>>> print(open('input.cif').read())   # mmCIF, C-alpha atoms
data_coords
loop_
_atom_site.group_PDB
_atom_site.id
_atom_site.type_symbol
_atom_site.label_atom_id
_atom_site.label_comp_id
_atom_site.auth_asym_id
_atom_site.auth_seq_id
_atom_site.Cartn_x
_atom_site.Cartn_y
_atom_site.Cartn_z
ATOM 1 C CA MET A 1 0.000 0.000 0.000
ATOM 2 C CA ARG A 2 1.129 3.511 -0.800
ATOM 3 C CA TYR A 3 0.151 6.792 0.802
ATOM 4 C CA TRP A 4 -0.579 10.071 -0.954
ATOM 5 C CA LEU A 5 -1.550 13.686 -0.428
ATOM 6 C CA MET A 6 -4.137 14.913 -2.943
ATOM 7 C CA LYS A 7 -4.967 18.612 -3.215
ATOM 8 C CA SER A 8 -8.385 19.939 -4.128
ATOM 9 C CA GLU A 9 -9.669 23.474 -4.087
ATOM 10 C CA PRO A 10 -12.749 23.497 -1.827
ATOM 11 C CA SER A 11 -14.508 25.664 -4.407
ATOM 12 C CA GLU A 12 -14.164 22.713 -6.838
ATOM 13 C CA VAL A 13 -14.649 19.744 -4.467
ATOM 14 C CA SER A 14 -14.328 19.909 -0.691
ATOM 15 C CA ILE A 15 -14.216 17.012 1.740
ATOM 16 C CA ASP A 16 -17.833 17.842 2.649
ATOM 17 C CA ASP A 17 -18.816 17.777 -1.034
ATOM 18 C CA LEU A 18 -17.228 14.349 -1.380
ATOM 19 C CA ALA A 19 -18.997 13.045 1.736
ATOM 20 C CA ALA A 20 -22.343 14.237 0.320
ATOM 21 C CA ARG A 21 -21.887 12.721 -3.168
ATOM 22 C CA PRO A 22 -23.775 9.564 -4.157
ATOM 23 C CA GLY A 23 -21.456 6.659 -3.383
ATOM 24 C CA GLN A 24 -19.083 9.129 -1.729
ATOM 25 C CA THR A 25 -16.720 8.888 -4.713
ATOM 26 C CA VAL A 26 -15.308 11.439 -7.119
ATOM 27 C CA PRO A 27 -13.065 11.237 -10.178
ATOM 28 C CA TRP A 28 -9.820 13.106 -9.490
ATOM 29 C CA ASP A 29 -9.993 14.886 -12.829
ATOM 30 C CA GLY A 30 -8.514 18.082 -14.199
ATOM 31 C CA VAL A 31 -4.917 17.228 -13.288
ATOM 32 C CA ARG A 32 -2.698 18.808 -15.936
ATOM 33 C CA ASN A 33 0.774 18.113 -14.584
ATOM 34 C CA TYR A 34 2.635 15.155 -16.064
ATOM 35 C CA GLN A 35 4.281 14.062 -12.808
ATOM 36 C CA ALA A 36 0.957 14.081 -10.909
ATOM 37 C CA ARG A 37 -0.698 12.280 -13.843
ATOM 38 C CA ASN A 38 2.035 9.639 -13.777
ATOM 39 C CA PHE A 39 1.505 9.061 -10.058
ATOM 40 C CA MET A 40 -2.161 8.294 -10.769
ATOM 41 C CA ARG A 41 -1.600 6.342 -13.968
ATOM 42 C CA ASN A 42 1.469 4.319 -13.006
ATOM 43 C CA GLN A 43 1.651 4.043 -9.233
ATOM 44 C CA MET A 44 -1.715 4.346 -7.515
ATOM 45 C CA GLN A 45 -3.358 1.051 -6.616
ATOM 46 C CA LEU A 46 -6.812 0.159 -5.338
ATOM 47 C CA GLY A 47 -6.976 0.730 -1.604
ATOM 48 C CA ASP A 48 -4.086 3.199 -1.456
ATOM 49 C CA LEU A 49 -4.848 5.875 1.131
ATOM 50 C CA ALA A 50 -4.564 9.631 0.719
ATOM 51 C CA PHE A 51 -4.911 12.748 2.776
ATOM 52 C CA PHE A 52 -7.529 15.025 1.189
ATOM 53 C CA TYR A 53 -5.936 18.465 1.249
ATOM 54 C CA HIS A 54 -7.814 21.747 0.797
ATOM 55 C CA SER A 55 -5.683 24.149 -1.261
ATOM 56 C CA SER A 56 -6.008 27.682 -2.642
ATOM 57 C CA CYS A 57 -8.293 28.724 0.189
ATOM 58 C CA ALA A 58 -8.223 30.860 3.336
ATOM 59 C CA GLU A 59 -6.729 28.054 5.451
ATOM 60 C CA PRO A 60 -5.058 25.284 3.429
ATOM 61 C CA GLY A 61 -4.560 21.924 5.097
ATOM 62 C CA ILE A 62 -5.498 18.283 5.466
ATOM 63 C CA ALA A 63 -9.269 17.941 5.827
ATOM 64 C CA GLY A 64 -9.896 14.210 5.484
ATOM 65 C CA ILE A 65 -8.841 10.755 4.371
ATOM 66 C CA VAL A 66 -9.804 9.015 1.128
ATOM 67 C CA GLU A 67 -8.905 5.787 -0.624
ATOM 68 C CA VAL A 68 -8.300 4.998 -4.274
ATOM 69 C CA SER A 69 -11.468 3.219 -5.384
ATOM 70 C CA ARG A 70 -10.892 2.998 -9.156
ATOM 71 C CA LEU A 71 -7.653 2.684 -11.085
ATOM 72 C CA ALA A 72 -6.553 5.264 -13.640
ATOM 73 C CA TYR A 73 -8.668 5.783 -16.745
ATOM 74 C CA PRO A 74 -8.816 8.607 -19.321
ATOM 75 C CA ASP A 75 -9.981 11.924 -17.876
ATOM 76 C CA GLU A 76 -13.172 12.806 -19.765
ATOM 77 C CA THR A 77 -12.676 16.549 -19.256
ATOM 78 C CA GLN A 78 -9.820 16.554 -21.790
ATOM 79 C CA PHE A 79 -12.279 15.720 -24.595
ATOM 80 C CA ASN A 80 -14.932 18.322 -23.735
ATOM 81 C CA PRO A 81 -14.435 21.662 -25.547
ATOM 82 C CA GLU A 82 -16.675 23.313 -22.920
ATOM 83 C CA SER A 83 -14.401 22.218 -20.050
ATOM 84 C CA LYS A 84 -11.638 24.411 -18.675
ATOM 85 C CA TYR A 85 -9.544 21.210 -18.761
ATOM 86 C CA PHE A 86 -10.085 20.622 -22.497
ATOM 87 C CA ASP A 87 -6.933 19.548 -24.334
ATOM 88 C CA PRO A 88 -7.216 19.856 -28.132
ATOM 89 C CA LYS A 89 -4.101 17.692 -28.578
ATOM 90 C CA SER A 90 -5.645 14.756 -26.749
ATOM 91 C CA THR A 91 -7.711 12.128 -28.562
ATOM 92 C CA ARG A 92 -9.719 9.140 -27.375
ATOM 93 C CA GLU A 93 -7.257 6.905 -29.256
ATOM 94 C CA SER A 94 -4.318 8.572 -27.546
ATOM 95 C CA PRO A 95 -5.422 10.313 -24.331
ATOM 96 C CA ARG A 96 -2.869 12.452 -22.529
ATOM 97 C CA TRP A 97 -4.614 12.812 -19.190
ATOM 98 C CA PHE A 98 -5.819 10.225 -16.687
ATOM 99 C CA ASN A 99 -7.553 10.239 -13.353
ATOM 100 C CA VAL A 100 -8.352 7.817 -10.563
ATOM 101 C CA GLU A 101 -11.464 7.830 -8.421
ATOM 102 C CA VAL A 102 -11.300 8.275 -4.677
ATOM 103 C CA ARG A 103 -13.799 7.295 -2.012
ATOM 104 C CA PHE A 104 -14.488 9.233 1.171
ATOM 105 C CA LEU A 105 -13.323 7.490 4.339
ATOM 106 C CA ARG A 106 -13.538 10.210 6.947
ATOM 107 C CA LYS A 107 -13.381 13.890 7.619
ATOM 108 C CA THR A 108 -10.663 15.007 10.028
ATOM 109 C CA ARG A 109 -9.957 18.155 11.909
ATOM 110 C CA LEU A 110 -8.212 20.651 9.660
ATOM 111 C CA LEU A 111 -4.467 20.125 10.003
ATOM 112 C CA SER A 112 -3.215 23.391 8.522
ATOM 113 C CA ILE A 113 -0.102 23.868 6.423
ATOM 114 C CA LYS A 114 1.194 26.081 9.233
ATOM 115 C CA GLU A 115 0.807 23.242 11.732
ATOM 116 C CA LEU A 116 2.377 20.713 9.332
ATOM 117 C CA ARG A 117 5.408 23.020 9.045
ATOM 118 C CA SER A 118 5.737 23.143 12.836
ATOM 119 C CA TYR A 119 6.647 19.446 13.130
ATOM 120 C CA PRO A 120 10.336 18.604 12.565
ATOM 121 C CA GLU A 121 9.220 15.018 11.817
ATOM 122 C CA LEU A 122 7.596 16.294 8.607
ATOM 123 C CA ALA A 123 10.433 18.503 7.350
ATOM 124 C CA GLY A 124 11.007 16.214 4.338
ATOM 125 C CA MET A 125 7.412 16.211 3.092
ATOM 126 C CA ARG A 126 7.147 17.333 -0.533
ATOM 127 C CA ILE A 127 4.244 19.678 0.152
ATOM 128 C CA LEU A 128 6.455 21.573 2.603
ATOM 129 C CA GLN A 129 9.320 22.025 0.142
ATOM 130 C CA LYS A 130 9.843 25.441 -1.389
ATOM 131 C CA GLY A 131 8.346 25.719 -4.856
ATOM 132 C CA ASN A 132 6.344 22.489 -4.681
ATOM 133 C CA ARG A 133 3.037 22.948 -6.469
ATOM 134 C CA LEU A 134 2.169 19.340 -7.327
ATOM 135 C CA SER A 135 -1.466 18.455 -6.726
ATOM 136 C CA ILE A 136 -0.574 14.853 -5.862
ATOM 137 C CA THR A 137 2.469 13.788 -3.882
ATOM 138 C CA PRO A 138 3.558 10.535 -2.268
ATOM 139 C CA ILE A 139 3.668 10.401 1.515
ATOM 140 C CA ASP A 140 6.277 8.347 3.343
ATOM 141 C CA PRO A 141 4.727 5.689 5.647
ATOM 142 C CA SER A 142 6.404 7.298 8.681
ATOM 143 C CA GLU A 143 4.906 10.686 7.726
ATOM 144 C CA TRP A 144 1.488 9.067 7.264
ATOM 145 C CA LYS A 145 1.669 7.483 10.708
ATOM 146 C CA PHE A 146 2.829 10.713 12.346
ATOM 147 C CA ILE A 147 0.111 12.832 10.692
ATOM 148 C CA LYS A 148 -2.632 10.316 11.524
ATOM 149 C CA ALA A 149 -1.583 10.540 15.187
ATOM 150 C CA GLN A 150 -2.113 14.329 15.038
ATOM 151 C CA LEU A 151 -5.630 13.994 13.631
#
>>> encode(input="input.cif", output="structure tokens")
Amino acid sequence: MRYWLMKSEPSEVSIDDLAARPGQTVPWDGVRNYQARNFMRNQMQLGDLAFFYHSSCAEPGIAGIVEVSRLAYPDETQFNPESKYFDPKSTRESPRWFNVEVRFLRKTRLLSIKELRSYPELAGMRILQKGNRLSITPIDPSEWKFIKAQL
């Protein structure tokens, strides 16, 4: 099993939105970074766990826990000219973008980015590195265990 941190803007999908959805699942679509896409396409497995992270909001931080409930498949938004994620270079025969689906497990207290930075045990986390803007990052098992103990 692998562990991940997956960022979502609450204005797009929040942890509460996910909890209220039918089946409590959501496709993790709209990712347009090749490294993040490759994590989903090549490394994520069914049952992998992820921290659901609220980003680009008043108080960014971990807001819940989800699990990968469907393996990577082509992101439909790339084919829709009406979507802000439309990619005219992508075709159904040769899609460029993929997404997984995640399922809600539980909401947590908000563990803010400020609080995450306060723990020396988490100093190596990718999300805390200067310049990191990836929407999906792997989490070391020791970091996962430490963060879960704070929730």
>>> atom_distance(input="input.cif", atom1="CA of Pro27 (chain A)", atom2="CA of Ala63 (chain A)")
17.8 Å
>>> resolve_selection(input="input.cif", expression="the PyMOL selection byres ((chain A and resi 42) around 12)", output="PyMOL selection string")
chain A and resi 34-41+43-45+71-73+98-100
>>> write_last_selection(input="input.cif", atoms="C-alpha atoms", output="compact mmCIF listing (two decimals), keeping the file's coordinate frame")
# COMPACT_ATOMS: atom_id res chain seq x y z
CA TYR A 34 2.64 15.16 -16.06
CA GLN A 35 4.28 14.06 -12.81
CA ALA A 36 0.96 14.08 -10.91
CA ARG A 37 -0.70 12.28 -13.84
CA ASN A 38 2.04 9.64 -13.78
CA PHE A 39 1.50 9.06 -10.06
CA MET A 40 -2.16 8.29 -10.77
CA ARG A 41 -1.60 6.34 -13.97
CA GLN A 43 1.65 4.04 -9.23
CA MET A 44 -1.72 4.35 -7.52
CA GLN A 45 -3.36 1.05 -6.62
CA LEU A 71 -7.65 2.68 -11.08
CA ALA A 72 -6.55 5.26 -13.64
CA TYR A 73 -8.67 5.78 -16.74
CA PHE A 98 -5.82 10.22 -16.69
CA ASN A 99 -7.55 10.24 -13.35
CA VAL A 100 -8.35 7.82 -10.56
>>> closest_atom_pairs(input="input.cif", of="region 62-85 of chain A", to="region 1-4 of chain A", cutoff="12 Å", atoms="only C-alpha atoms", output="Markdown table")
| residue | atom | partner | partner_atom | distance |
| --- | --- | --- | --- | --- |
| A:Ile62 | CA | A:Trp4 | CA | 11.5 |
| A:Ile65 | CA | A:Trp4 | CA | 9.9 |
| A:Val66 | CA | A:Trp4 | CA | 9.5 |
| A:Glu67 | CA | A:Tyr3 | CA | 9.2 |
| A:Val68 | CA | A:Trp4 | CA | 9.8 |
>>> write_last_selection(input="input.cif", atoms="C-alpha atoms", output="mmCIF file, keeping the file's coordinate frame")
data_model
loop_
_atom_site.group_PDB
_atom_site.id
_atom_site.type_symbol
_atom_site.label_atom_id
_atom_site.label_comp_id
_atom_site.auth_asym_id
_atom_site.auth_seq_id
_atom_site.Cartn_x
_atom_site.Cartn_y
_atom_site.Cartn_z
ATOM 1 C CA ILE A 62 -5.498 18.283 5.466
ATOM 2 C CA ILE A 65 -8.841 10.755 4.371
ATOM 3 C CA VAL A 66 -9.804 9.015 1.128
ATOM 4 C CA GLU A 67 -8.905 5.787 -0.624
ATOM 5 C CA VAL A 68 -8.300 4.998 -4.274
#
>>> closest_residue(input="input.cif", among="A:Val102, A:Leu128, A:Ile15, A:Ile147", to="Asp29 (chain A)", atoms="only C-alpha atoms")
A:Val102
>>> atom_distance(input="input.cif", atom1="CA of Thr108 (chain A)", atom2="CA of Cys57 (chain A)")
17.0 Å
>>> resolve_selection(input="input.cif", expression="the PyMOL selection byres ((chain A and resi 18) around 12)", output="PDB file with C-alpha atoms, in the coordinates of the input")
ATOM      1  CA  SER A   8      -8.385  19.939  -4.128  1.00  0.00           C
ATOM      2  CA  PRO A  10     -12.749  23.497  -1.827  1.00  0.00           C
ATOM      3  CA  GLU A  12     -14.164  22.713  -6.838  1.00  0.00           C
ATOM      4  CA  VAL A  13     -14.649  19.744  -4.467  1.00  0.00           C
ATOM      5  CA  SER A  14     -14.328  19.909  -0.691  1.00  0.00           C
ATOM      6  CA  ILE A  15     -14.216  17.012   1.740  1.00  0.00           C
ATOM      7  CA  ASP A  16     -17.833  17.842   2.649  1.00  0.00           C
ATOM      8  CA  ASP A  17     -18.816  17.777  -1.034  1.00  0.00           C
ATOM      9  CA  ALA A  19     -18.997  13.045   1.736  1.00  0.00           C
ATOM     10  CA  ALA A  20     -22.343  14.237   0.320  1.00  0.00           C
ATOM     11  CA  ARG A  21     -21.887  12.721  -3.168  1.00  0.00           C
ATOM     12  CA  PRO A  22     -23.775   9.564  -4.157  1.00  0.00           C
ATOM     13  CA  GLY A  23     -21.456   6.659  -3.383  1.00  0.00           C
ATOM     14  CA  GLN A  24     -19.083   9.129  -1.729  1.00  0.00           C
ATOM     15  CA  THR A  25     -16.720   8.888  -4.713  1.00  0.00           C
ATOM     16  CA  VAL A  26     -15.308  11.439  -7.119  1.00  0.00           C
ATOM     17  CA  PRO A  27     -13.065  11.237 -10.178  1.00  0.00           C
ATOM     18  CA  TRP A  28      -9.820  13.106  -9.490  1.00  0.00           C
ATOM     19  CA  PHE A  52      -7.529  15.025   1.189  1.00  0.00           C
ATOM     20  CA  ALA A  63      -9.269  17.941   5.827  1.00  0.00           C
ATOM     21  CA  GLY A  64      -9.896  14.210   5.484  1.00  0.00           C
ATOM     22  CA  ILE A  65      -8.841  10.755   4.371  1.00  0.00           C
ATOM     23  CA  VAL A  66      -9.804   9.015   1.128  1.00  0.00           C
ATOM     24  CA  GLU A  67      -8.905   5.787  -0.624  1.00  0.00           C
ATOM     25  CA  GLU A 101     -11.464   7.830  -8.421  1.00  0.00           C
ATOM     26  CA  VAL A 102     -11.300   8.275  -4.677  1.00  0.00           C
ATOM     27  CA  ARG A 103     -13.799   7.295  -2.012  1.00  0.00           C
ATOM     28  CA  PHE A 104     -14.488   9.233   1.171  1.00  0.00           C
ATOM     29  CA  LEU A 105     -13.323   7.490   4.339  1.00  0.00           C
ATOM     30  CA  ARG A 106     -13.538  10.210   6.947  1.00  0.00           C
ATOM     31  CA  LYS A 107     -13.381  13.890   7.619  1.00  0.00           C
TER      32      LYS A 107
END
>>> residues_around(input="input.cif", residues="Asp140 (chain A)", least_positions_apart="4", cutoff="12 Å", atoms="all atoms listed in the file", output="PyMOL selection string")
chain A and resi 1-5+49-50+121-127+144-147
>>> atom_distance(input="input.cif", atom1="CA of Ser83 (chain A)", atom2="CA of Asn132 (chain A)")
25.8 Å
>>> residues_around(input="input.cif", residues="region 85-97 of chain A", least_positions_apart="4", cutoff="9 Å", atoms="all atoms listed in the file", output="PyMOL selection string")
chain A and resi 29-34+37+41+73-81
>>> closest_residue(input="input.cif", among="A:Arg70, A:His54, A:Lys130, A:Lys84", to="Arg109 (chain A)", atoms="only C-alpha atoms")
A:His54
>>> residues_around(input="input.cif", residues="Met6 (chain A)", least_positions_apart="2", cutoff="6 Å", atoms="all atoms listed in the file", output="PDB file with C-alpha atoms, keeping the file's coordinate frame")
ATOM      1  CA  PHE A  52      -7.529  15.025   1.189  1.00  0.00           C
ATOM      2  CA  TYR A  53      -5.936  18.465   1.249  1.00  0.00           C
ATOM      3  CA  SER A 135      -1.466  18.455  -6.726  1.00  0.00           C
ATOM      4  CA  ILE A 136      -0.574  14.853  -5.862  1.00  0.00           C
TER       5      ILE A 136
END
>>> resolve_selection(input="input.cif", expression="the PyMOL selection byres ((chain A and resi 59) around 10)", output="ChimeraX atom specification")
/A:54-58,60-62,110-114
>>> write_last_selection(input="input.cif", atoms="C-alpha atoms", output="short mmCIF file (atom, residue, chain, number, x, y, z; two decimals), keeping the file's coordinate frame")
data_model
loop_
_atom_site.label_atom_id
_atom_site.label_comp_id
_atom_site.auth_asym_id
_atom_site.auth_seq_id
_atom_site.Cartn_x
_atom_site.Cartn_y
_atom_site.Cartn_z
CA HIS A 54 -7.81 21.75 0.80
CA SER A 55 -5.68 24.15 -1.26
CA SER A 56 -6.01 27.68 -2.64
CA CYS A 57 -8.29 28.72 0.19
CA ALA A 58 -8.22 30.86 3.34
CA PRO A 60 -5.06 25.28 3.43
CA GLY A 61 -4.56 21.92 5.10
CA ILE A 62 -5.50 18.28 5.47
CA LEU A 110 -8.21 20.65 9.66
CA LEU A 111 -4.47 20.12 10.00
CA SER A 112 -3.22 23.39 8.52
CA ILE A 113 -0.10 23.87 6.42
CA LYS A 114 1.19 26.08 9.23
#
>>> closest_residue(input="input.cif", among="A:Arg133, A:Ile139, A:Leu46, A:Gln150", to="Tyr119 (chain A)", atoms="all atoms listed in the file")
A:Gln150
